[in-house]
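Data block for final_25.csv (CSV, C-alpha atoms):
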chain,number,residue,atom,x,y,z
A,27,MET,CA,39.7,28.6,60.0
A,28,SER,CA,38.3,25.3,58.9
A,29,ASP,CA,40.4,22.9,56.9
A,30,PRO,CA,39.0,23.1,53.4
A,31,LEU,CA,40.0,19.5,52.8
A,32,ALA,CA,38.0,18.4,55.8
A,33,ILE,CA,34.8,20.1,54.6
A,34,GLY,CA,32.6,17.6,52.8
A,35,THR,CA,35.0,14.8,53.4
A,36,PRO,CA,32.1,12.2,53.8
A,37,VAL,CA,30.7,13.4,50.4
A,38,ARG,CA,34.2,13.0,48.8
A,39,ARG,CA,34.6,9.6,50.3
A,40,GLU,CA,31.2,8.4,49.2
A,41,THR,CA,31.8,9.8,45.7
A,42,ARG,CA,35.2,8.0,45.4
A,43,GLN,CA,33.6,4.8,46.6
A,44,ALA,CA,30.8,5.1,44.1
A,45,ALA,CA,33.2,5.9,41.3
A,46,TRP,CA,35.3,2.8,42.1
A,47,GLN,CA,32.2,0.7,42.1
A,48,ALA,CA,31.1,2.3,38.9
A,49,ALA,CA,34.5,1.6,37.4
A,50,ARG,CA,34.1,-2.1,38.0
A,51,LEU,CA,30.5,-2.1,36.9
A,52,ALA,CA,31.8,-0.4,33.7
A,53,LEU,CA,33.4,-3.7,32.9
A,54,GLY,CA,29.9,-4.9,32.2
A,55,THR,CA,29.5,-2.3,29.4
A,56,ALA,CA,33.0,-3.1,28.2
A,57,SER,CA,32.0,-6.8,28.0
A,58,ALA,CA,28.5,-6.5,26.6
A,59,LEU,CA,29.2,-3.7,24.1
A,60,GLY,CA,32.9,-3.4,23.5
A,61,LEU,CA,33.7,-7.1,23.4
A,62,ALA,CA,30.5,-8.9,22.6
A,63,ARG,CA,29.0,-6.5,20.1
A,64,PHE,CA,31.4,-4.1,18.5
A,65,ALA,CA,34.6,-6.2,18.4
A,66,TYR,CA,32.9,-8.4,15.8
A,67,GLY,CA,33.6,-5.7,13.2
A,68,LEU,CA,37.3,-6.3,13.6
A,69,LEU,CA,36.9,-10.0,12.9
A,70,LEU,CA,34.5,-9.6,10.0
A,71,PRO,CA,37.0,-9.2,7.2
A,72,ALA,CA,38.9,-12.4,8.1
A,73,MET,CA,35.7,-14.3,8.7
A,74,ARG,CA,34.3,-13.1,5.3
A,75,ASP,CA,37.4,-14.3,3.5
A,76,GLU,CA,38.1,-17.6,5.3
A,77,LEU,CA,34.5,-18.7,5.6
A,78,HIS,CA,33.5,-17.4,2.2
A,79,TRP,CA,30.6,-15.2,3.4
A,80,SER,CA,28.8,-12.6,1.5
A,81,LEU,CA,28.4,-9.2,3.2
A,82,GLY,CA,24.8,-10.0,3.8
A,83,GLU,CA,25.8,-13.1,5.7
A,84,ALA,CA,28.4,-11.2,7.6
A,85,GLY,CA,25.8,-8.5,8.4
A,86,ALA,CA,23.4,-11.2,9.6
A,87,MET,CA,25.9,-12.1,12.3
A,88,SER,CA,25.6,-8.6,13.8
A,89,ALA,CA,21.8,-8.8,13.3
A,90,ALA,CA,21.8,-12.0,15.3
A,91,ASN,CA,23.5,-10.2,18.2
A,92,GLY,CA,20.8,-7.5,18.0
A,93,LEU,CA,18.0,-10.0,18.0
A,94,GLY,CA,19.5,-11.8,21.0
A,95,TYR,CA,19.7,-8.5,22.8
A,96,LEU,CA,16.0,-7.8,22.0
A,97,LEU,CA,14.9,-11.2,23.3
A,98,GLY,CA,17.2,-10.9,26.3
A,99,ALA,CA,15.7,-7.5,27.2
A,100,LEU,CA,12.2,-9.0,27.0
A,101,VAL,CA,12.9,-11.7,29.5
A,102,THR,CA,15.2,-9.8,31.8
A,103,ALA,CA,12.3,-8.6,34.0
A,104,VAL,CA,11.5,-12.3,34.7
A,105,VAL,CA,15.1,-13.1,35.5
A,106,VAL,CA,15.4,-10.1,37.8
A,107,ARG,CA,12.2,-11.1,39.6
A,108,ARG,CA,13.7,-14.5,40.4
A,109,LEU,CA,17.3,-13.6,41.0
A,110,GLY,CA,17.6,-9.9,41.8
A,111,THR,CA,19.5,-7.2,39.9
A,112,ALA,CA,23.0,-8.1,41.2
A,113,ALA,CA,22.8,-11.8,40.4
A,114,THR,CA,21.3,-11.0,37.0
A,115,PHE,CA,24.3,-8.8,36.3
A,116,ARG,CA,26.8,-11.3,37.5
A,117,TRP,CA,25.5,-14.3,35.5
A,118,GLY,CA,25.0,-12.1,32.5
A,119,MET,CA,28.7,-11.3,32.6
A,120,VAL,CA,29.5,-15.0,32.9
A,121,LEU,CA,27.2,-16.0,30.0
A,122,THR,CA,28.7,-13.3,27.8
A,123,ALA,CA,32.1,-14.7,28.4
A,124,VAL,CA,30.8,-18.2,27.6
A,125,ALA,CA,29.1,-17.1,24.4
A,126,LEU,CA,32.3,-15.4,23.2
A,127,ALA,CA,34.3,-18.5,24.0
A,128,ALA,CA,31.8,-20.7,22.2
A,129,THR,CA,32.2,-18.7,19.1
A,130,ALA,CA,35.8,-20.0,18.9
A,131,THR,CA,34.7,-23.6,18.8
A,132,SER,CA,33.1,-23.9,15.3
A,133,ASP,CA,33.1,-22.5,11.8
A,134,ALA,CA,29.5,-23.7,11.1
A,135,TYR,CA,27.3,-20.7,10.2
A,136,PRO,CA,24.3,-21.8,12.3
A,137,VAL,CA,26.5,-22.3,15.4
A,138,LEU,CA,28.1,-18.9,15.0
A,139,LEU,CA,24.6,-17.3,14.6
A,140,ALA,CA,23.5,-19.0,17.8
A,141,ALA,CA,26.6,-17.9,19.6
A,142,ARG,CA,26.2,-14.3,18.5
A,143,ALA,CA,22.6,-14.3,19.5
A,144,ALA,CA,23.5,-15.8,22.9
A,145,ALA,CA,26.1,-13.0,23.4
A,146,GLY,CA,23.4,-10.4,22.7
A,147,ALA,CA,20.9,-12.0,25.1
A,148,ALA,CA,23.5,-12.2,27.9
A,149,GLY,CA,24.6,-8.6,27.2
A,150,ALA,CA,21.0,-7.4,27.7
A,151,ARG,CA,21.1,-8.8,31.2
A,152,VAL,CA,24.4,-7.0,31.9
A,153,ARG,CA,23.2,-3.7,30.5
A,154,HIS,CA,20.1,-3.9,32.6
A,155,ARG,CA,22.4,-3.0,35.5
A,156,ARG,CA,22.7,0.5,34.2
A,157,ARG,CA,19.2,1.3,35.3
A,158,HIS,CA,20.2,0.6,38.8
A,159,ARG,CA,21.7,3.3,40.9
A,160,VAL,CA,25.5,3.5,40.6
A,161,ALA,CA,25.8,7.2,41.4
A,162,PRO,CA,26.4,8.5,44.9
A,163,ARG,CA,23.4,9.4,47.1
A,164,ARG,CA,24.0,13.0,46.2
A,165,PRO,CA,23.9,12.7,42.4
A,166,ARG,CA,24.1,16.4,41.8
A,167,ARG,CA,27.5,16.6,43.4
A,168,SER,CA,29.2,14.4,40.9
A,169,GLY,CA,28.5,12.8,37.6
A,170,ALA,CA,31.7,10.8,37.7
A,171,PRO,CA,30.3,7.4,38.5
A,172,ILE,CA,27.8,7.5,35.6
A,173,THR,CA,30.5,8.8,33.3
A,174,VAL,CA,32.9,6.1,34.3
A,175,TYR,CA,30.3,3.4,33.8
A,176,PHE,CA,29.4,4.4,30.2
A,177,ALA,CA,33.0,4.8,29.4
A,178,GLY,CA,33.3,1.1,29.7
A,179,ALA,CA,32.1,0.7,26.1
A,180,GLY,CA,35.0,2.8,25.0
A,181,VAL,CA,37.5,0.8,27.0
A,182,GLY,CA,36.2,-2.4,25.5
A,183,ILE,CA,36.6,-1.0,22.0
A,184,VAL,CA,40.2,0.2,22.8
A,185,VAL,CA,41.1,-3.3,24.1
A,186,SER,CA,39.7,-5.0,21.1
A,187,GLY,CA,41.2,-2.5,18.6
A,188,ALA,CA,44.6,-2.9,20.1
A,189,GLY,CA,44.6,-6.7,20.4
A,190,ILE,CA,42.5,-8.3,17.7
A,191,PRO,CA,44.1,-6.9,14.5
A,192,THR,CA,47.5,-8.1,15.6
A,193,LEU,CA,46.2,-11.7,15.6
A,194,GLY,CA,45.7,-11.5,11.8
A,195,ASP,CA,43.6,-14.5,10.5
A,196,HIS,CA,43.7,-16.5,13.7
A,197,LEU,CA,40.0,-16.3,14.2
A,198,HIS,CA,39.6,-19.0,16.8
A,199,LEU,CA,42.4,-17.5,18.9
A,200,ALA,CA,40.8,-14.0,18.6
A,201,TRP,CA,37.4,-15.2,19.8
A,202,ALA,CA,39.0,-17.2,22.6
A,203,GLY,CA,40.9,-14.1,23.6
A,204,LEU,CA,37.6,-12.1,23.7
A,205,GLY,CA,36.1,-14.9,25.9
A,206,VAL,CA,39.1,-14.7,28.3
A,207,ALA,CA,38.8,-10.9,28.5
A,208,ALA,CA,35.1,-11.1,29.2
A,209,GLY,CA,35.7,-13.8,31.8
A,210,LEU,CA,38.3,-11.6,33.5
A,211,ALA,CA,35.9,-8.7,33.4
A,212,ALA,CA,33.2,-10.9,35.1
A,213,LEU,CA,35.7,-11.8,37.8
A,214,LEU,CA,36.7,-8.3,38.5
A,215,SER,CA,33.2,-6.9,38.6
A,216,TRP,CA,31.7,-9.8,40.6
A,217,THR,CA,31.6,-8.0,43.9
A,218,ALA,CA,30.8,-4.6,42.4
A,219,ALA,CA,27.2,-5.7,41.9
A,220,ARG,CA,26.1,-6.0,45.5
A,221,ALA,CA,22.9,-7.8,46.3
A,222,GLY,CA,22.3,-5.5,49.2
A,223,GLU,CA,21.5,-2.7,46.8
A,224,ASP,CA,18.4,-4.5,45.5
A,225,ALA,CA,15.4,-3.4,47.4
A,226,GLN,CA,13.6,-6.6,46.8
A,227,PRO,CA,14.2,-9.2,44.0
A,228,GLY,CA,11.3,-8.5,41.8
A,229,GLU,CA,10.5,-4.9,42.9
A,230,GLU,CA,12.2,-3.5,39.8
A,231,ALA,CA,10.6,-6.2,37.6
A,232,GLN,CA,7.2,-5.2,38.9
A,233,ALA,CA,7.9,-1.6,38.1
A,234,ALA,CA,8.7,-2.6,34.6
A,235,GLY,CA,5.1,-3.5,34.0
A,236,ALA,CA,3.8,-0.3,35.6
A,237,GLY,CA,3.0,3.0,34.0
A,238,ARG,CA,1.8,4.0,30.5
A,239,VAL,CA,3.8,4.0,27.4
A,240,HIS,CA,4.3,7.4,25.7
A,241,VAL,CA,5.6,6.8,22.2
A,242,TRP,CA,3.0,8.7,20.1
A,243,PRO,CA,3.7,12.1,21.8
A,244,LEU,CA,7.4,11.5,21.1
A,245,TRP,CA,6.8,10.0,17.6
A,246,GLY,CA,9.5,12.1,16.0
A,247,VAL,CA,12.1,11.1,18.6
A,248,ALA,CA,11.0,7.4,18.2
A,249,LEU,CA,11.4,7.5,14.4
A,250,ALA,CA,14.7,9.2,14.6
A,251,TYR,CA,15.8,6.6,17.2
A,252,LEU,CA,14.8,3.8,14.9
A,253,LEU,CA,16.7,5.2,12.0
A,254,PHE,CA,19.7,5.8,14.2
A,255,ALA,CA,19.7,2.2,15.5
A,256,ALA,CA,19.6,0.8,12.0
A,257,GLY,CA,22.3,3.2,10.8
A,258,TYR,CA,24.9,3.5,13.6
A,259,ILE,CA,25.6,-0.2,13.9
A,260,THR,CA,26.5,-0.7,10.3
A,261,TYR,CA,29.5,1.7,10.5
A,262,ILE,CA,31.2,-0.1,13.3
A,263,THR,CA,30.2,-3.5,11.9
A,264,PHE,CA,31.7,-2.9,8.4
A,265,LEU,CA,34.4,-0.3,9.1
A,266,SER,CA,37.3,-2.8,9.2
A,267,ALA,CA,35.9,-4.5,6.0
A,268,TYR,CA,35.9,-1.1,4.3
A,269,LEU,CA,39.5,-0.5,5.4
A,270,ALA,CA,40.5,-4.1,4.3
A,271,ASP,CA,39.1,-3.5,0.8
A,272,ARG,CA,41.4,-0.4,0.6
A,273,HIS,CA,44.4,-2.4,1.9
A,274,ALA,CA,44.8,-0.4,5.0
A,275,PRO,CA,47.9,-1.4,7.0
A,276,LEU,CA,47.7,-2.9,10.4
A,277,GLY,CA,48.9,0.2,12.1
A,278,GLN,CA,46.0,2.2,10.6
A,279,VAL,CA,43.4,-0.3,11.7
A,280,VAL,CA,44.7,-0.3,15.3
A,281,LEU,CA,45.0,3.5,15.4
A,282,THR,CA,41.5,4.0,14.0
A,283,TRP,CA,39.8,1.6,16.4
A,284,THR,CA,41.7,2.8,19.5
A,285,ALA,CA,41.0,6.4,18.6
A,286,LEU,CA,37.3,5.5,18.2
A,287,GLY,CA,37.2,3.9,21.6
A,288,LEU,CA,39.0,6.8,23.3
A,289,ALA,CA,36.4,9.2,21.7
A,290,VAL,CA,33.7,7.1,23.3
A,291,VAL,CA,35.3,7.5,26.7
A,292,ALA,CA,35.4,11.3,26.2
A,293,ALA,CA,31.9,11.6,24.9
A,294,PRO,CA,30.1,12.0,28.2
A,295,ALA,CA,32.2,15.0,29.1
A,296,LEU,CA,31.4,16.5,25.7
A,297,TRP,CA,27.7,16.0,25.7
A,298,SER,CA,26.4,15.8,29.3
A,299,ARG,CA,25.8,19.6,29.4
A,300,PRO,CA,24.2,20.0,26.0
A,301,THR,CA,22.0,17.0,26.6
A,302,ALA,CA,20.8,18.5,29.9
A,303,GLN,CA,20.5,22.1,29.0
A,304,TRP,CA,19.8,22.5,25.2
A,305,PRO,CA,16.0,22.9,24.6
A,306,GLY,CA,13.9,20.3,23.0
A,307,THR,CA,15.5,18.0,20.5
A,308,ARG,CA,18.4,20.2,19.6
A,309,ALA,CA,21.1,18.0,21.3
A,310,LEU,CA,19.7,14.9,19.6
A,311,ALA,CA,19.6,16.5,16.2
A,312,VAL,CA,23.1,17.8,16.5
A,313,LEU,CA,24.4,14.4,17.6
A,314,LEU,CA,22.7,12.6,14.7
A,315,GLY,CA,23.9,15.2,12.2
A,316,LEU,CA,27.5,14.9,13.4
A,317,LEU,CA,27.2,11.1,13.3
A,318,GLY,CA,25.9,11.2,9.7
A,319,GLY,CA,28.6,13.7,8.7
A,320,GLY,CA,31.3,11.6,10.3
A,321,ALA,CA,30.2,8.5,8.3
A,322,ALA,CA,30.1,10.5,5.1
A,323,LEU,CA,33.6,11.9,5.8
A,324,ALA,CA,35.1,8.4,5.5
A,325,MET,CA,33.6,8.1,2.1
A,326,ALA,CA,35.0,11.4,0.9
A,327,ALA,CA,38.6,10.1,0.9
A,328,SER,CA,40.3,7.0,2.1
A,329,ALA,CA,43.4,8.9,3.3
A,330,PRO,CA,44.3,7.7,6.9
A,331,PRO,CA,43.8,11.2,8.5
A,332,VAL,CA,40.3,11.4,7.0
A,333,ILE,CA,39.4,7.9,8.2
A,334,LEU,CA,40.8,8.7,11.6
A,335,ALA,CA,38.7,11.9,11.8
A,336,SER,CA,35.6,10.0,10.8
A,337,ALA,CA,36.2,7.4,13.5
A,338,ILE,CA,36.7,10.0,16.2
A,339,ILE,CA,33.5,11.9,15.2
A,340,TYR,CA,31.6,8.6,15.3
A,341,GLY,CA,33.0,7.6,18.6
A,342,ALA,CA,32.3,11.0,20.2
A,343,THR,CA,28.6,10.9,19.2
A,344,PHE,CA,27.0,7.5,18.8
A,345,MET,CA,26.9,6.7,22.6
A,346,GLY,CA,25.4,10.2,23.2
A,347,VAL,CA,22.3,9.5,21.2
A,348,PRO,CA,20.7,7.0,23.7
A,349,ALA,CA,21.5,9.4,26.5
A,350,ALA,CA,19.8,12.3,24.7
A,351,VAL,CA,16.7,10.1,24.0
A,352,THR,CA,16.6,9.0,27.6
A,353,ALA,CA,16.8,12.7,28.7
A,354,LEU,CA,13.9,13.6,26.4
A,355,ILE,CA,11.8,10.8,27.7
A,356,LYS,CA,12.3,11.8,31.3
A,357,ALA,CA,11.7,15.4,30.5
A,358,ASN,CA,8.5,14.9,28.7
A,359,THR,CA,6.7,12.0,30.5
A,360,PRO,CA,5.6,11.6,34.1
A,361,PRO,CA,8.1,9.8,36.3
A,362,ALA,CA,5.6,7.0,36.9
A,363,ASP,CA,5.7,6.2,33.1
A,364,TRP,CA,9.5,6.4,32.6
A,365,THR,CA,10.1,2.7,32.9
A,366,ALA,CA,7.4,1.7,30.5
A,367,THR,CA,8.3,4.3,28.0
A,368,LEU,CA,12.0,3.5,28.1
A,369,ALA,CA,11.2,-0.1,27.6
A,370,ALA,CA,9.2,0.7,24.5
A,371,PHE,CA,12.1,2.8,23.1
A,372,THR,CA,14.5,0.0,23.9
A,373,THR,CA,12.4,-2.3,21.7
A,374,ILE,CA,12.4,0.2,18.9
A,375,PHE,CA,16.1,0.6,19.2
A,376,ALA,CA,16.7,-3.2,19.2
A,377,ALA,CA,14.5,-3.7,16.1
A,378,GLY,CA,16.5,-1.1,14.1
A,379,GLN,CA,19.8,-2.5,15.4
A,380,THR,CA,18.7,-6.0,14.3
A,381,ALA,CA,17.6,-5.1,10.8
A,382,GLY,CA,20.3,-2.5,9.9
A,383,PRO,CA,23.5,-4.5,9.4
A,384,TRP,CA,21.8,-7.3,7.5
A,385,LEU,CA,20.0,-5.0,5.1
A,386,ALA,CA,23.1,-2.8,4.7
A,387,GLY,CA,25.2,-6.0,3.9
A,388,LEU,CA,22.7,-7.0,1.3
A,389,VAL,CA,23.0,-3.6,-0.4
A,390,ALA,CA,26.8,-3.8,-0.2
A,391,ASP,CA,26.8,-7.2,-1.9
A,392,HIS,CA,25.5,-5.5,-5.0
A,393,THR,CA,27.8,-2.4,-4.7
A,394,SER,CA,30.8,-2.3,-2.3
A,395,THR,CA,31.6,-1.9,1.4
A,396,ALA,CA,31.4,1.9,0.9
A,397,ALA,CA,27.6,1.4,0.7
A,398,THR,CA,27.6,0.5,4.4
A,399,LEU,CA,29.1,3.9,5.3
A,400,ALA,CA,26.6,5.6,3.0
A,401,TRP,CA,23.8,3.6,4.8
A,402,THR,CA,24.9,5.1,8.2
A,403,ALA,CA,25.3,8.6,6.7
A,404,ILE,CA,21.9,8.6,5.0
A,405,LEU,CA,19.9,7.2,7.9
A,406,CYS,CA,21.5,9.3,10.6
A,407,ALA,CA,21.2,12.5,8.4
A,408,ALA,CA,17.5,11.6,7.9
A,409,ALA,CA,17.1,11.0,11.7
A,410,ALA,CA,18.7,14.4,12.4
A,411,LEU,CA,16.2,16.2,10.1
A,412,ILE,CA,13.3,14.4,11.8
A,413,ALA,CA,14.6,15.2,15.3
A,414,ALA,CA,15.2,18.8,14.3
A,415,SER,CA,11.7,19.2,12.9
A,416,ALA,CA,9.9,17.3,15.7
A,417,ASN,CA,7.8,19.5,17.9
A,418,ARG,CA,8.8,19.5,21.5
A,419,SER,CA,6.6,17.2,23.4
A,420,ARG,CA,5.0,18.2,26.6
A,421,ARG,CA,4.9,16.0,29.6
A,422,ALA,CA,1.6,14.1,29.9
A,423,GLY,CA,-0.6,16.1,32.3
A,424,THR,CA,1.9,18.9,33.0
A,425,GLY,CA,3.9,21.5,31.1
A,426,SER,CA,7.6,21.6,30.9
A,427,ALA,CA,7.7,24.5,33.3
A,428,ASP,CA,6.2,22.2,36.0
A,429,LYS,CA,8.9,19.6,35.9
A,430,THR,CA,9.4,17.8,39.2
A,431,PRO,CA,12.9,18.1,40.9
A,432,ASP,CA,13.4,14.4,40.1
A,433,ALA,CA,12.7,14.9,36.4
A,434,GLN,CA,15.1,17.9,36.3
A,435,ALA,CA,17.8,16.0,38.1
A,436,SER,CA,17.4,13.0,35.7
A,437,THR,CA,17.6,15.3,32.7
A,438,ARG,CA,20.8,16.8,34.1
A,439,ARG,CA,22.3,13.3,34.6
This entry written out as structure tokens:
Amino acid sequence: MSDPLAIGTPVRRETRQAAWQAARLALGTASALGLARFAYGLLLPAMRDELHWSLGEAGAMSAANGLGYLLGALVTAVVVRRLGTAATFRWGMVLTAVALAATATSDAYPVLLAARAAAGAAGARVRHRRRHRVAPRRPRRSGAPITVYFAGAGVGIVVSGAGIPTLGDHLHLAWAGLGVAAGLAALLSWTAARAGEDAQPGEEAQAAGAGRVHVWPLWGVALAYLLFAAGYITYITFLSAYLADRHAPLGQVVLTWTALGLAVVAAPALWSRPTAQWPGTRALAVLLGLLGGGAALAMAASAPPVILASAIIYGATFMGVPAAVTALIKANTPPADWTATLAAFTTIFAAGQTAGPWLAGLVADHTSTAATLAWTAILCAAAALIAASANRSRRAGTGSADKTPDAQASTRR
């Protein structure tokens, strides 16, 4: 009788190696998202008080990061053509750490805006790596590497949530700490991005310009994605300010943020099957509906258990929305047009993410920080309704029943 542990051993070994590589690449997501984008929300209350900002000015800092991401995404293809994917990832990690450290050097508003924009631009180069293959050669055998990679954002939130609130009003020390953490992530992930995996420096960049853009056939998904982008970012940007205005104790802030981050880590396990198997836009609509409901829950009562439940629902859903949109694009467009269509949706997302926190901050200046949570709840609820009512788009040139094996596998992933 064959040894069951020996059967498929090369597959297991390859899967473990891919998972370890993905775990180190996940540090890129932890740095670009958890540290460089989302951790700002933890620092916003102290920056608002010490630097005498309005909520609109505070929201503009998050908008600057979104604008930087948009600009960085637009030039990444040129950088990849010159340097290759691995080098782009590595230097994006380094520049993210430098941008975070630079934020600790000044209190001048223009300098801080520039630093936040630079962090967003560098993060776009880091996140470009996720398009590259980090799964094993037999992707249907295991989704672990992809799951581990996207869990990096949650790890970054957990690290930030556990560390930053304990520093109190020591803003420069907090930003310096984020810079050090991002620098350590760059060091640990340096060899994970192997240049040998790049087919040719520029091959992927050339592919970025190929194919047709399919936005109009997916107009309902595109509009829902725009509203989601404008809405989701305001919750995590202003959550700590909302808690500060209600005199939440340090322990509650730490618990809320760490629970939110852990929910992000768990999200792929919760949503990978619905995203792959539920028909049409059902998974997207459910995700958006839960996200809007989670934001509204925090407004219903300021009791710690209610806020905690709101944060967990938010963390368990918001990272699933881009995955659901990606699955819909790959299920309803020809493979040759995936890259161009995904790039168009990335631009839509970045535009919403840039405008959302600034506009929500302006509204909150005339009301209260609760308006920022209402902003998330209303926009995500509207996006859910649009997604639910959108007709299922058919792939250009073929029906859904004629999906290629590659399209089916991509949808499952």
**OP:** Compare A:Ala414, A:Ala84, A:Leu100, A:Val239 by their minimum atom-to-atom distance to Ala390 of chain A, counting only C-alpha atoms, and give me the closest one.
**Re:** A:Ala84
Mind listing whatever residues come within 12 Å of the point (19.6, 23.5, 26.8)? Use only C-alpha atoms, file coordinates, and give them as a PDB file with C-alpha atoms, in the frame of the given file.
ATOM      1  CA  TRP A 297      27.700  16.000  25.700  1.00  0.00           C
ATOM      2  CA  SER A 298      26.400  15.800  29.300  1.00  0.00           C
ATOM      3  CA  ARG A 299      25.800  19.600  29.400  1.00  0.00           C
ATOM      4  CA  PRO A 300      24.200  20.000  26.000  1.00  0.00           C
ATOM      5  CA  THR A 301      22.000  17.000  26.600  1.00  0.00           C
ATOM      6  CA  ALA A 302      20.800  18.500  29.900  1.00  0.00           C
ATOM      7  CA  GLN A 303      20.500  22.100  29.000  1.00  0.00           C
ATOM      8  CA  TRP A 304      19.800  22.500  25.200  1.00  0.00           C
ATOM      9  CA  PRO A 305      16.000  22.900  24.600  1.00  0.00           C
ATOM     10  CA  GLY A 306      13.900  20.300  23.000  1.00  0.00           C
ATOM     11  CA  THR A 307      15.500  18.000  20.500  1.00  0.00           C
ATOM     12  CA  ARG A 308      18.400  20.200  19.600  1.00  0.00           C
ATOM     13  CA  ALA A 309      21.100  18.000  21.300  1.00  0.00           C
ATOM     14  CA  LEU A 310      19.700  14.900  19.600  1.00  0.00           C
ATOM     15  CA  ALA A 350      19.800  12.300  24.700  1.00  0.00           C
ATOM     16  CA  ALA A 353      16.800  12.700  28.700  1.00  0.00           C
ATOM     17  CA  LEU A 354      13.900  13.600  26.400  1.00  0.00           C
ATOM     18  CA  ALA A 357      11.700  15.400  30.500  1.00  0.00           C
ATOM     19  CA  GLN A 434      15.100  17.900  36.300  1.00  0.00           C
ATOM     20  CA  THR A 437      17.600  15.300  32.700  1.00  0.00           C
ATOM     21  CA  ARG A 438      20.800  16.800  34.100  1.00  0.00           C
TER      22      ARG A 438
END
Subject >> segment 145-149 of chain A environment, 6 Å, all atoms listed in the file, sequence neighbours closer than 2 positions dropped, as JSON, numbers by chain >> reply: {"A": [58, 91, 94, 95, 98, 118, 121, 122, 125, 142, 143, 151, 152]}
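Taking atom CA of Ala321 of chain A and atom CA of Thr402 of chain A as endpoints, the distance between them is 6.3 Å.
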Subject >> Residues near segment 368-383 of chain A, cut-off 7 Å, all atoms listed in the file, skip fewer than 5 positions along chain, as a PyMOL selection string >> reply: chain A and resi 85-86+88-90+92-93+96+239+248+251-253+255-257+259-260
**OP:** Enter the distance from atom CA of Ile262 of chain A to atom CA of Leu197 of chain A, in Å, rounded to one decimal.
**Re:** 18.5 Å
Original post:
Distance atom CA of Thr398 of chain A-atom CA of Pro330 of chain A, one decimal place?
Top reply: 18.4 Å
Subject >> Given all atoms listed in the file as the counted atoms, nearest of A:Met119, A:Ala113, A:Leu249, A:Met87 to Leu411 of chain A >> reply: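 For Leu411 of chain A, the nearest of the candidates is A:Leu249.
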Original post:
Which is closer to Ser266 of chain A than all the others in A:Gly320, A:Ala150, A:Tyr66, A:Pro361, using all atoms listed in the file?
Top reply: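 Distance minimum relative to Ser266 of chain A lands on A:Tyr66.
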Original post:
Quick one: residues within 8 Å of Gly346 of chain A, all atoms listed in the file counted, chain neighbours fewer than 5 positions away excluded, as a list of chain:residue names?
Top reply: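 Neighbouring residues, sequence-local ones excluded: A:Ala293, A:Pro294, A:Trp297, A:Leu313.
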**OP:** Using only C-alpha atoms, pick whichever of A:Ala207, A:Leu265, A:Leu59, A:Leu68 has the shortest atom-to-atom distance to Met345 of chain A.
**Re:** A:Leu59
